[in-house]
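Structure file structure-v4.cif with mmCIF, C-alpha atoms (C1' of nucleotides):
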```cif
data_query
loop_
_atom_site.label_atom_id
_atom_site.label_comp_id
_atom_site.auth_asym_id
_atom_site.auth_seq_id
_atom_site.Cartn_x
_atom_site.Cartn_y
_atom_site.Cartn_z
CA MET A 6 85.35 125.92 67.83
CA LEU A 7 85.95 122.40 66.71
CA ALA A 8 82.85 120.65 65.58
CA VAL A 9 81.67 117.81 67.75
CA THR A 10 80.73 115.98 64.58
CA ASP A 11 84.43 115.58 63.91
CA ARG A 12 84.15 112.23 65.63
CA GLU A 13 87.83 112.52 66.20
CA ALA A 14 89.27 109.20 67.21
CA PRO A 15 91.29 108.68 70.33
CA ARG A 16 93.43 106.22 68.46
CA ARG A 17 92.26 105.80 64.89
CA HIS A 18 89.29 106.44 62.70
CA LEU A 19 86.05 105.36 64.29
CA SER A 20 82.81 103.96 63.00
CA GLU A 21 79.58 105.34 64.42
CA ARG A 22 79.24 102.34 66.63
CA GLN A 23 82.75 102.73 67.99
CA ALA A 24 82.24 106.43 68.53
CA ALA A 25 79.24 105.60 70.67
CA THR A 26 81.33 103.20 72.73
CA VAL A 27 84.01 105.81 73.22
CA ASP A 28 81.38 108.32 74.30
CA LYS A 29 80.07 105.87 76.85
CA LEU A 30 83.59 105.35 78.14
CA THR A 31 84.54 108.99 78.47
CA SER A 32 81.37 109.89 80.21
CA ALA A 33 81.59 106.86 82.50
CA ALA A 34 85.10 108.03 83.37
CA VAL A 35 83.79 111.40 84.48
CA HIS A 36 81.23 109.76 86.74
CA GLU A 37 83.75 107.35 88.15
CA VAL A 38 86.09 110.17 89.09
CA ARG A 39 83.22 112.01 90.69
CA ASP A 40 82.24 108.97 92.74
CA HIS A 41 85.54 107.36 93.62
CA GLY A 42 88.17 110.04 93.04
CA TYR A 43 91.07 109.65 90.71
CA PRO A 44 92.96 107.03 92.74
CA GLY A 45 89.79 104.96 92.77
CA LEU A 46 89.49 105.18 89.02
CA THR A 47 90.31 101.96 87.20
CA VAL A 48 89.94 101.19 83.55
CA ARG A 49 87.96 98.11 84.42
CA GLY A 50 85.69 100.13 86.66
CA VAL A 51 85.02 102.57 83.87
CA ALA A 52 84.35 99.74 81.46
CA ARG A 53 81.90 98.15 83.86
CA ARG A 54 80.07 101.43 84.29
CA ALA A 55 79.98 101.96 80.56
CA GLY A 56 78.56 98.46 80.13
CA VAL A 57 81.50 97.32 78.11
CA ALA A 58 84.18 94.65 78.46
CA PRO A 59 87.56 95.76 79.83
CA ALA A 60 89.25 94.56 76.68
CA THR A 61 87.05 96.90 74.70
CA ALA A 62 88.09 99.85 76.80
CA TYR A 63 91.71 98.96 76.20
CA THR A 64 90.99 98.89 72.48
CA PHE A 65 90.49 102.61 72.59
CA PHE A 66 92.57 103.77 75.50
CA THR A 67 95.96 102.55 76.53
CA SER A 68 95.68 103.68 80.12
CA LYS A 69 93.51 105.59 82.49
CA GLU A 70 95.70 108.61 81.88
CA HIS A 71 94.88 108.42 78.21
CA LEU A 72 91.20 108.17 79.04
CA VAL A 73 91.17 111.14 81.36
CA THR A 74 93.24 113.24 79.01
CA GLU A 75 90.72 112.51 76.29
CA VAL A 76 88.00 113.80 78.59
CA PHE A 77 89.86 117.05 79.00
CA TRP A 78 90.49 117.35 75.28
CA ARG A 79 86.80 116.87 74.57
CA ARG A 80 85.87 119.57 77.00
CA LEU A 81 88.34 121.95 75.47
CA ALA A 82 87.19 121.15 71.95
CA ALA A 83 83.59 121.68 73.02
CA LEU A 84 84.32 125.01 74.73
CA PRO A 85 82.70 127.74 72.67
CA GLU A 86 85.11 130.23 71.19
CA THR A 87 85.38 133.23 73.49
CA ARG A 88 83.45 136.15 72.04
CA LEU A 89 86.18 138.58 71.08
CA ASP A 90 84.97 142.12 70.87
CA ARG A 91 87.48 143.91 68.66
CA ARG A 92 86.28 147.28 69.89
CA ARG A 93 87.45 146.54 73.40
CA THR A 94 91.04 146.41 74.61
CA VAL A 95 93.44 143.56 73.99
CA LEU A 96 93.64 143.18 77.72
CA HIS A 97 89.92 142.70 77.97
CA ARG A 98 89.91 140.02 75.30
CA VAL A 99 92.84 138.18 76.84
CA GLU A 100 91.24 138.25 80.26
CA ALA A 101 88.06 136.76 78.90
CA THR A 102 89.86 134.05 76.98
CA LEU A 103 92.08 133.02 79.87
CA ALA A 104 89.11 132.94 82.21
CA ASP A 105 87.19 130.66 79.87
CA LEU A 106 90.11 128.29 79.61
CA ALA A 107 90.75 128.33 83.32
CA LEU A 108 87.21 127.40 84.19
CA LEU A 109 87.03 124.39 81.89
CA VAL A 110 87.04 121.86 84.66
CA ALA A 111 86.68 124.21 87.59
CA ASP A 112 83.37 122.85 88.75
CA GLU A 113 84.80 119.42 89.48
CA PRO A 114 87.96 119.62 91.55
CA GLU A 115 88.51 115.87 91.53
CA LEU A 116 88.28 115.80 87.79
CA ALA A 117 90.55 118.80 87.52
CA ALA A 118 93.21 117.17 89.64
CA ALA A 119 92.86 114.01 87.62
CA CYS A 120 93.31 115.83 84.33
CA THR A 121 96.26 117.80 85.60
CA PHE A 122 98.05 114.64 86.54
CA ALA A 123 96.96 112.47 83.65
CA MET A 124 97.90 114.97 80.98
CA LEU A 125 101.53 114.81 81.99
CA ALA A 126 101.82 111.06 81.78
CA PRO A 127 104.83 109.78 79.87
CA ASP A 128 102.66 107.81 77.45
CA PRO A 129 102.88 108.43 73.71
CA GLU A 130 99.11 108.49 73.29
CA VAL A 131 98.81 111.05 76.02
CA ARG A 132 101.55 113.06 74.45
CA VAL A 133 99.62 113.40 71.23
CA LEU A 134 96.62 114.74 73.09
CA ARG A 135 98.75 116.97 75.25
CA ASP A 136 100.31 118.56 72.21
CA ARG A 137 96.93 119.05 70.64
CA ILE A 138 95.58 120.64 73.81
CA GLY A 139 98.60 122.92 74.07
CA ALA A 140 98.22 124.03 70.48
CA GLU A 141 94.53 124.73 70.87
CA MET A 142 95.08 126.82 73.98
CA ARG A 143 97.82 128.78 72.34
CA ARG A 144 95.66 129.40 69.32
CA ARG A 145 92.96 130.86 71.48
CA VAL A 146 95.40 133.12 73.27
CA GLU A 147 96.88 134.27 69.97
CA ASP A 148 93.42 135.03 68.68
CA ALA A 149 92.68 137.11 71.72
CA VAL A 150 95.87 139.10 71.48
CA GLY A 151 95.24 139.72 67.82
CA ASP A 152 97.50 140.35 64.89
CA GLY A 153 99.88 142.83 66.38
CA ALA A 154 100.89 140.12 68.84
CA ASP A 155 104.33 140.29 70.34
CA PRO A 156 105.30 136.60 70.26
CA ALA A 157 107.08 137.00 73.57
CA VAL A 158 103.85 138.12 75.17
CA VAL A 159 101.97 135.16 73.78
CA ASP A 160 104.71 132.83 75.00
CA ALA A 161 104.51 134.37 78.42
CA LEU A 162 100.74 134.11 78.61
CA ASP A 163 100.95 130.57 77.44
CA LEU A 164 103.49 129.56 80.07
CA ALA A 165 101.62 131.32 82.80
CA MET A 166 98.38 129.68 81.72
CA THR A 167 100.01 126.28 82.01
CA GLY A 168 101.38 127.19 85.39
CA ALA A 169 98.03 128.44 86.55
CA LEU A 170 96.21 125.29 85.52
CA VAL A 171 98.78 123.14 87.25
CA ARG A 172 98.61 125.18 90.42
CA ALA A 173 94.86 125.02 90.44
CA GLY A 174 94.85 121.32 89.61
CA THR A 175 97.12 120.60 92.55
CA GLY A 176 95.19 122.75 94.97
CA HIS A 177 97.72 125.54 95.42
CA LEU A 178 95.27 127.93 93.87
CA SER A 179 91.51 127.76 93.90
CA TYR A 180 89.78 127.85 90.57
CA ALA A 181 87.70 130.71 91.88
CA GLU A 182 90.71 132.97 92.07
CA LEU A 183 92.26 131.88 88.80
CA PRO A 184 90.58 134.44 86.58
CA ASP A 185 91.70 137.33 88.80
CA ARG A 186 95.18 135.99 89.02
CA LEU A 187 95.37 135.60 85.28
CA ALA A 188 93.90 139.04 84.75
CA ASP A 189 96.60 140.58 86.95
CA LEU A 190 99.13 138.72 84.96
CA ALA A 191 97.74 139.80 81.64
CA ARG A 192 97.71 143.39 82.83
CA LEU A 193 101.36 143.21 83.76
CA LEU A 194 102.30 141.67 80.45
CA LEU A 195 100.17 143.82 78.22
CA GLY A 196 100.75 147.03 80.09
CA ASP A 197 98.20 149.65 79.22
CA ARG A 198 98.50 148.95 75.57
CA ARG A 199 95.39 149.94 73.72
CA MET B 8 120.37 127.09 101.31
CA LEU B 9 119.09 124.23 103.39
CA ALA B 10 121.82 122.33 105.09
CA VAL B 11 122.29 118.77 103.89
CA THR B 12 122.87 117.78 107.49
CA ASP B 13 119.20 118.43 108.10
CA ARG B 14 118.62 114.75 107.51
CA GLU B 15 115.09 115.66 106.75
CA ALA B 16 112.93 112.61 106.68
CA PRO B 17 110.74 111.62 103.78
CA ARG B 18 108.17 110.40 106.26
CA ARG B 19 109.35 110.82 109.82
CA HIS B 20 112.49 111.47 111.79
CA LEU B 21 115.35 109.29 110.71
CA SER B 22 118.23 107.68 112.47
CA GLU B 23 121.62 107.81 110.82
CA ARG B 24 121.20 104.30 109.64
CA GLN B 25 117.82 104.99 108.13
CA ALA B 26 119.11 108.12 106.50
CA ALA B 27 121.77 106.03 104.83
CA THR B 28 119.13 103.64 103.54
CA VAL B 29 117.09 106.51 102.17
CA ASP B 30 120.18 107.92 100.49
CA LYS B 31 120.81 104.58 98.85
CA LEU B 32 117.22 104.49 97.64
CA THR B 33 117.10 107.97 96.19
CA SER B 34 120.34 107.55 94.38
CA ALA B 35 119.34 104.12 93.11
CA ALA B 36 116.15 105.70 91.80
CA VAL B 37 118.15 108.20 89.76
CA HIS B 38 120.17 105.41 88.21
CA GLU B 39 117.13 103.31 87.50
CA VAL B 40 115.46 106.17 85.67
CA ARG B 41 118.62 106.74 83.69
CA ASP B 42 118.82 103.08 82.70
CA HIS B 43 115.20 102.07 82.23
CA GLY B 44 113.27 105.31 81.89
CA TYR B 45 110.43 106.31 84.12
CA PRO B 46 107.95 103.69 82.94
CA GLY B 47 110.59 101.05 83.63
CA LEU B 48 111.05 102.32 87.14
CA THR B 49 109.61 100.08 89.84
CA VAL B 50 109.91 100.42 93.58
CA ARG B 51 111.12 96.84 93.75
CA GLY B 52 113.72 97.55 91.09
CA VAL B 53 115.02 100.50 93.01
CA ALA B 54 115.11 98.45 96.19
CA ARG B 55 117.08 95.71 94.46
CA ARG B 56 119.56 98.21 93.11
CA ALA B 57 119.92 99.81 96.50
CA GLY B 58 120.54 96.38 98.01
CA VAL B 59 117.50 96.58 100.19
CA ALA B 60 114.28 94.60 100.58
CA PRO B 61 111.17 95.97 98.86
CA ALA B 62 109.37 96.20 102.18
CA THR B 63 112.12 98.47 103.42
CA ALA B 64 111.67 100.80 100.49
CA TYR B 65 107.98 100.97 101.21
CA THR B 66 108.80 101.87 104.79
CA PHE B 67 110.12 105.19 103.55
CA PHE B 68 108.23 105.83 100.35
CA THR B 69 104.62 105.13 99.64
CA SER B 70 105.01 105.04 95.87
CA LYS B 71 107.44 105.60 93.09
CA GLU B 72 106.03 109.07 92.69
CA HIS B 73 106.91 109.83 96.27
CA LEU B 74 110.40 108.52 95.68
CA VAL B 75 111.02 110.56 92.55
CA THR B 76 109.57 113.69 94.09
CA GLU B 77 111.96 113.26 97.00
CA VAL B 78 114.81 113.14 94.49
CA PHE B 79 113.69 116.47 93.07
CA TRP B 80 113.31 118.01 96.49
CA ARG B 81 116.80 116.95 97.43
CA ARG B 82 118.22 118.50 94.32
CA LEU B 83 116.42 121.72 94.99
CA ALA B 84 117.48 121.78 98.62
CA ALA B 85 121.06 121.14 97.56
CA LEU B 86 121.05 123.85 94.90
CA PRO B 87 123.32 126.65 96.12
CA GLU B 88 121.60 129.93 96.69
CA THR B 89 121.93 132.06 93.57
CA ARG B 90 124.53 134.78 94.16
CA LEU B 91 122.45 137.93 94.23
CA ASP B 92 124.44 140.98 93.39
CA ARG B 93 122.51 143.89 94.89
CA ARG B 94 124.42 146.34 92.74
CA ARG B 95 122.94 144.88 89.58
CA THR B 96 119.35 145.23 88.38
CA VAL B 97 116.40 143.33 89.74
CA LEU B 98 115.97 141.88 86.30
CA HIS B 99 119.46 140.52 86.33
CA ARG B 100 118.97 138.85 89.67
CA VAL B 101 115.66 137.35 88.66
CA GLU B 102 117.08 136.00 85.44
CA ALA B 103 119.92 134.33 87.28
CA THR B 104 117.61 132.80 89.86
CA LEU B 105 115.12 131.47 87.35
CA ALA B 106 117.90 130.03 85.23
CA ASP B 107 119.34 128.19 88.22
CA LEU B 108 115.97 126.72 89.08
CA ALA B 109 115.23 125.80 85.51
CA LEU B 110 118.42 123.88 85.09
CA LEU B 111 118.01 121.74 88.19
CA VAL B 112 117.33 118.55 86.30
CA ALA B 113 118.09 119.77 82.82
CA ASP B 114 120.98 117.41 82.24
CA GLU B 115 118.79 114.33 82.51
CA PRO B 116 115.66 114.59 80.39
CA GLU B 117 114.30 111.24 81.52
CA LEU B 118 114.64 112.27 85.12
CA ALA B 119 113.13 115.64 84.39
CA ALA B 120 110.08 114.10 82.78
CA ALA B 121 109.79 111.70 85.67
CA CYS B 122 109.90 114.48 88.24
CA THR B 123 107.41 116.60 86.34
CA PHE B 124 104.92 113.79 86.33
CA ALA B 125 105.61 112.40 89.79
CA MET B 126 105.35 115.75 91.54
CA LEU B 127 101.73 116.10 90.51
CA ALA B 128 100.63 112.75 91.83
CA PRO B 129 97.48 112.82 93.95
CA ASP B 130 99.22 111.23 96.92
CA PRO B 131 99.29 112.99 100.28
CA GLU B 132 102.98 112.32 100.79
CA VAL B 133 103.75 113.81 97.42
CA ARG B 134 101.61 116.78 98.22
CA VAL B 135 103.68 117.62 101.25
CA LEU B 136 106.84 117.62 99.17
CA ARG B 137 105.19 119.53 96.35
CA ASP B 138 104.14 122.27 98.73
CA ARG B 139 107.58 122.43 100.18
CA ILE B 140 109.13 122.63 96.73
CA GLY B 141 106.71 125.34 95.69
CA ALA B 142 107.45 127.37 98.79
CA GLU B 143 111.18 127.07 98.33
CA MET B 144 111.01 128.19 94.72
CA ARG B 145 108.85 131.12 95.60
CA ARG B 146 111.20 132.10 98.38
CA ARG B 147 114.07 132.20 95.95
CA VAL B 148 112.14 134.31 93.50
CA GLU B 149 111.09 136.69 96.26
CA ASP B 150 114.68 137.00 97.37
CA ALA B 151 115.74 137.85 93.86
CA VAL B 152 113.10 140.49 93.39
CA GLY B 153 114.01 142.03 96.70
CA ASP B 154 112.06 143.98 99.26
CA GLY B 155 110.20 146.37 97.04
CA ALA B 156 108.54 143.36 95.46
CA ASP B 157 105.17 143.83 93.86
CA PRO B 158 103.41 140.66 94.98
CA ALA B 159 101.61 140.43 91.67
CA VAL B 160 104.94 140.28 89.91
CA VAL B 161 106.17 137.53 92.19
CA ASP B 162 102.94 135.62 91.63
CA ALA B 163 103.35 135.98 87.91
CA LEU B 164 106.96 134.84 87.93
CA ASP B 165 106.01 131.94 90.12
CA LEU B 166 103.22 130.79 87.83
CA ALA B 167 105.33 131.18 84.75
CA MET B 168 108.16 129.26 86.37
CA THR B 169 105.80 126.38 87.08
CA GLY B 170 104.54 126.50 83.53
CA ALA B 171 108.04 126.57 82.15
CA LEU B 172 109.14 123.56 84.17
CA VAL B 173 106.10 121.62 83.07
CA ARG B 174 106.60 122.51 79.44
CA ALA B 175 110.22 121.51 79.60
CA GLY B 176 109.44 118.33 81.49
CA THR B 177 106.97 117.29 78.84
CA GLY B 178 109.25 118.12 75.94
CA HIS B 179 107.38 121.13 74.59
CA LEU B 180 110.35 123.28 75.41
CA SER B 181 113.97 122.27 75.58
CA TYR B 182 115.79 122.95 78.79
CA ALA B 183 118.41 124.75 76.75
CA GLU B 184 115.98 127.46 75.78
CA LEU B 185 114.35 127.78 79.16
CA PRO B 186 116.65 130.45 80.58
CA ASP B 187 116.14 132.71 77.56
CA ARG B 188 112.42 132.20 77.62
CA LEU B 189 112.29 133.00 81.30
CA ALA B 190 114.51 136.01 80.84
CA ASP B 191 112.16 137.40 78.20
CA LEU B 192 109.32 136.85 80.56
CA ALA B 193 111.06 138.53 83.45
CA ARG B 194 111.85 141.50 81.23
CA LEU B 195 108.21 141.86 80.29
CA LEU B 196 107.08 141.64 83.87
CA LEU B 197 109.72 143.81 85.45
CA GLY B 198 109.82 146.35 82.69
CA ASP B 199 112.95 148.44 82.90
CA ARG B 200 112.57 148.91 86.57
CA ARG B 201 115.93 149.58 88.19
"C1'" DC C 15 129.20 89.53 127.09
"C1'" DG C 16 124.31 89.50 126.68
"C1'" DA C 17 119.95 91.42 126.07
"C1'" DC C 18 116.95 94.67 124.22
"C1'" DA C 19 115.15 97.66 120.78
"C1'" DA C 20 115.42 99.35 116.36
"C1'" DT C 21 115.75 98.02 111.69
"C1'" DC C 22 115.57 95.20 107.83
"C1'" DT C 23 114.06 90.76 105.51
"C1'" DG C 24 111.39 87.55 102.81
"C1'" DG C 25 107.54 86.12 101.28
"C1'" DA C 26 102.46 86.05 101.03
"C1'" DC C 27 98.43 88.80 100.26
"C1'" DA C 28 94.63 91.03 97.35
"C1'" DC C 29 94.24 93.74 93.82
"C1'" DA C 30 95.32 96.67 89.29
"C1'" DT C 31 97.57 96.81 84.89
"C1'" DG C 32 97.95 96.12 80.04
"C1'" DT C 33 98.08 92.37 76.48
"C1'" DC C 34 96.40 88.63 74.00
"C1'" DC C 35 93.31 85.70 71.45
"C1'" DA C 36 89.70 82.32 70.40
"C1'" DG C 37 85.00 82.90 70.18
"C1'" DT C 38 80.41 85.35 69.91
"C1'" DA C 39 77.02 88.94 68.41
"C1'" DC C 40 75.41 91.88 65.21
"C1'" DA C 41 74.81 95.22 61.21
"C1'" DG C 42 74.57 95.61 56.40
"C1'" DC C 43 74.57 93.71 51.90
"C1'" DG C 44 73.65 90.63 48.15
"C1'" DC D 5 67.50 84.81 54.31
"C1'" DG D 6 72.17 83.72 54.98
"C1'" DC D 7 77.09 85.57 54.61
"C1'" DT D 8 80.65 88.33 55.94
"C1'" DG D 9 83.35 91.42 58.35
"C1'" DT D 10 83.50 94.49 62.05
"C1'" DA D 11 83.12 95.15 66.96
"C1'" DC D 12 82.77 93.33 71.28
"C1'" DT D 13 83.43 89.52 74.88
"C1'" DG D 14 85.39 86.80 78.50
"C1'" DG D 15 88.85 85.09 80.57
"C1'" DA D 16 93.82 83.89 81.07
"C1'" DC D 17 98.43 85.74 81.50
"C1'" DA D 18 102.58 87.94 83.40
"C1'" DT D 19 103.77 91.68 85.87
"C1'" DG D 20 103.48 95.67 89.20
"C1'" DT D 21 101.44 97.72 93.55
"C1'" DG D 22 101.13 98.62 98.30
"C1'" DT D 23 100.41 96.18 102.82
"C1'" DC D 24 101.31 93.08 106.32
"C1'" DC D 25 103.85 90.48 109.75
"C1'" DA D 26 106.69 86.82 111.91
"C1'" DG D 27 111.34 86.36 112.26
"C1'" DA D 28 116.37 87.40 111.37
"C1'" DT D 29 119.94 90.94 111.87
"C1'" DT D 30 122.15 94.73 113.71
"C1'" DG D 31 123.78 98.31 116.91
"C1'" DT D 32 123.93 99.98 121.62
"C1'" DC D 33 124.31 100.03 126.40
"C1'" DG D 34 124.25 98.05 130.99
#
```
What is this file in structure tokens?
Amino acid sequence: MLAVTDREAPRRHLSERQAATVDKLTSAAVHEVRDHGYPGLTVRGVARRAGVAPATAYTFFTSKEHLVTEVFWRRLAALPETRLDRRRTVLHRVEATLADLALLVADEPELAAACTFAMLAPDPEVRVLRDRIGAEMRRRVEDAVGDGADPAVVDALDLAMTGALVRAGTGHLSYAELPDRLADLARLLLGDRR
Amino acid sequence: MLAVTDREAPRRHLSERQAATVDKLTSAAVHEVRDHGYPGLTVRGVARRAGVAPATAYTFFTSKEHLVTEVFWRRLAALPETRLDRRRTVLHRVEATLADLALLVADEPELAAACTFAMLAPDPEVRVLRDRIGAEMRRRVEDAVGDGADPAVVDALDLAMTGALVRAGTGHLSYAELPDRLADLARLLLGDRR
DNA sequence: CGACAATCTGGACACATGTCCAGTACAGCG
DNA sequence: CGCTGTACTGGACATGTGTCCAGATTGTCG
């Protein structure tokens, strides 16, 4: 798990004071989405809620997509590493890992939809985060599969995971059924391998 | 394959004249994306290019996302049914189908990225199209797998297909490698089943 | 032809976006 | 304590968004 103390900057290196501002902004964003939905989310609204001038918000985030993507990244970074019991099957570990990832934003559908959309924005800042998020997810899946990993299997799990999150984020699938769906998938891909 | 003569309306039933206007708009949108990229795409710009007043464009499309999603839907609807040779293996048919779907917008990366993003927009009009697109893709996959289809396999292929399109649309994967990636995936899922 | 209905126009509206910059507040240091 | 630099402010700017509607244009049919 990535340490929260990383104080990783959305755009550059941050002082303590700036980090606090960014925290206020990301958490205000979450509340704004909860209250007004994603379409009702505006950078200025978030700034107001965070008690900060709009220009300040734009100092750290280029767009609301960037802001929301940062929220998702923070949640992922804060998600505890899945406990991987090496005595149990690969399948079991993969199931657990995928379920953890799938449920990251499951409790807030509005937020989930927002993240799903925002993360795909054609904005360079968003792209950086998107890549980072993708890499982190893949790392976790690789970890779960373990050393003997068939790269094709990891690729497949990775693609399916992306697909699953998108489907859930757009309402095709409910988050509640995601873990089962992903477990089925993992079973098919991993066969009955140890 | 859905007949082009369906004259299916983006919003309601269209007269011939309106259908012509919509055609002008969708094709203008493609050219605008080509020339100015997705961020440079504006509804008013598209309207200008189509030789139509902005208000007219808004009569048919609620947003640029709606417009771009319609472009994708039209391409999908116009994509000839994959020739499914029943004498060959399921795997072979699935590979061919997935490859066809994957390459829908492959020749224009800007457009592909635009569609990927636009299709996920939290706009009711877009949602309708998204559902339709999802259903059509699934139908094609089901057709390829054939009657003895294990629903879990179809689900898995469907999720992975979504994931693959997203990854390609965001530049994580190149469209060139998509068919191979999907073929690997299909092989894993279908095993060596007939 | 002439009239009616469907369609498109043009421009105004209120609001959001993202950028910019001169000016203010404030923390930390000598 | 006063200086200095960093961080934030407030408001203006140009542009885009989506909606509205009175009026012009077009096609169709009696």
Please list as a list in words every residue within 12 Å of DC12 (chain D), counting all atoms listed in the file and excluding residues in the same chain fewer than 5 positions away.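 Near neighbours after the sequence-gap exclusion: Arg22, Gln23, Thr26, Gly56, Val57, Ala58, Pro59, Ala60, Thr61, Ala62, Tyr63 and Thr64 of chain A; DG37, DT38, DA39 and DC40 of chain C.
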Report as a tab-separated table the residues of chain B within 8 Å of chain D, each with its shortest atom pair and distance in Å (one decimal), using only C-alpha atoms (C1' of nucleotides), ordered by chain and increasing residue number.
```
residue	atom	partner	partner_atom	distance
B:Thr49	CA	D:DG20	C1'	7.6
B:Tyr65	CA	D:DG22	C1'	7.8
B:Thr69	CA	D:DG22	C1'	7.5
B:Ser70	CA	D:DG22	C1'	7.9
```
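Note that CA of Ala27 (chain B) and CA of Thr89 (chain B) are 28.4 Å apart.
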Starting from the displayed file, determine the output of the PyMOL selection byres ((chain B) within 7 of (chain A)) and express the residue list as a VMD selection string. chain B and resid 124 127 to 128 159 163 166 to 167 169 to 171 177 191 to 192 195 to 196
Please write as a list in words the full residue list that the PyMOL selection byres ((chain C) within 12 of (chain B)) yields on this file.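 Given this file, the PyMOL selection byres ((chain C) within 12 of (chain B)) evaluates to DA20, DT21, DC22, DT23, DG24 and DG25 of chain C.
We find CA of Leu30 (chain A) and CA of Arg54 (chain A) to be spaced 8.1 Å apart.
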So the first atom is CA of Val159 (chain A) and the second is CA of Leu118 (chain B); what is the distance between them in Å, to one decimal place?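 We find that CA of Val159 (chain A) and CA of Leu118 (chain B) lie 28.5 Å from each other.
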Is it possible to get the axis-aligned box enclosing region 41-45 of chain B (all listed atoms, 6 Å extra per side) as lines of an AutoDock Vina configuration file, with centre and edge lengths in Å rounded to one decimal?
```
center_x = 114.6
center_y = 104.4
center_z = 83.0
size_x = 20.4
size_y = 16.7
size_z = 14.2
```
Find the residue from B:Leu98, B:Leu185, B:Val37, B:Leu108 that sits nearest to Ile140 (chain B); use only C-alpha atoms when measuring.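 The answer is B:Leu108, which sits nearest to Ile140 (chain B).
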Just say which residues the PyMOL selection byres ((chain A and resi 74-78) around 8) picks in this file, as a PyMOL selection string. chain A and resi 15+31-32+35+70-73+79-82+110+120+123-124+131+134-135+138
At most 12 Å from (87.7, 143.6, 71.7), file frame, all atoms listed in the file: which residues, as a list in words?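 Final list of nearby residues, as requested, is Thr87, Arg88, Leu89, Asp90, Arg91, Arg92, Arg93, Thr94, Val95, Leu96, His97, Arg98, Val99, Glu100, Ala101, Thr102, Asp148, Ala149, Val150, Gly151 and Arg199 of chain A.
Using all atoms listed in the file, the shortest contact distance between DA30 (chain C) and any of A:Gly45, A:Asp105, A:Val38, A:Glu130 is found at A:Gly45.
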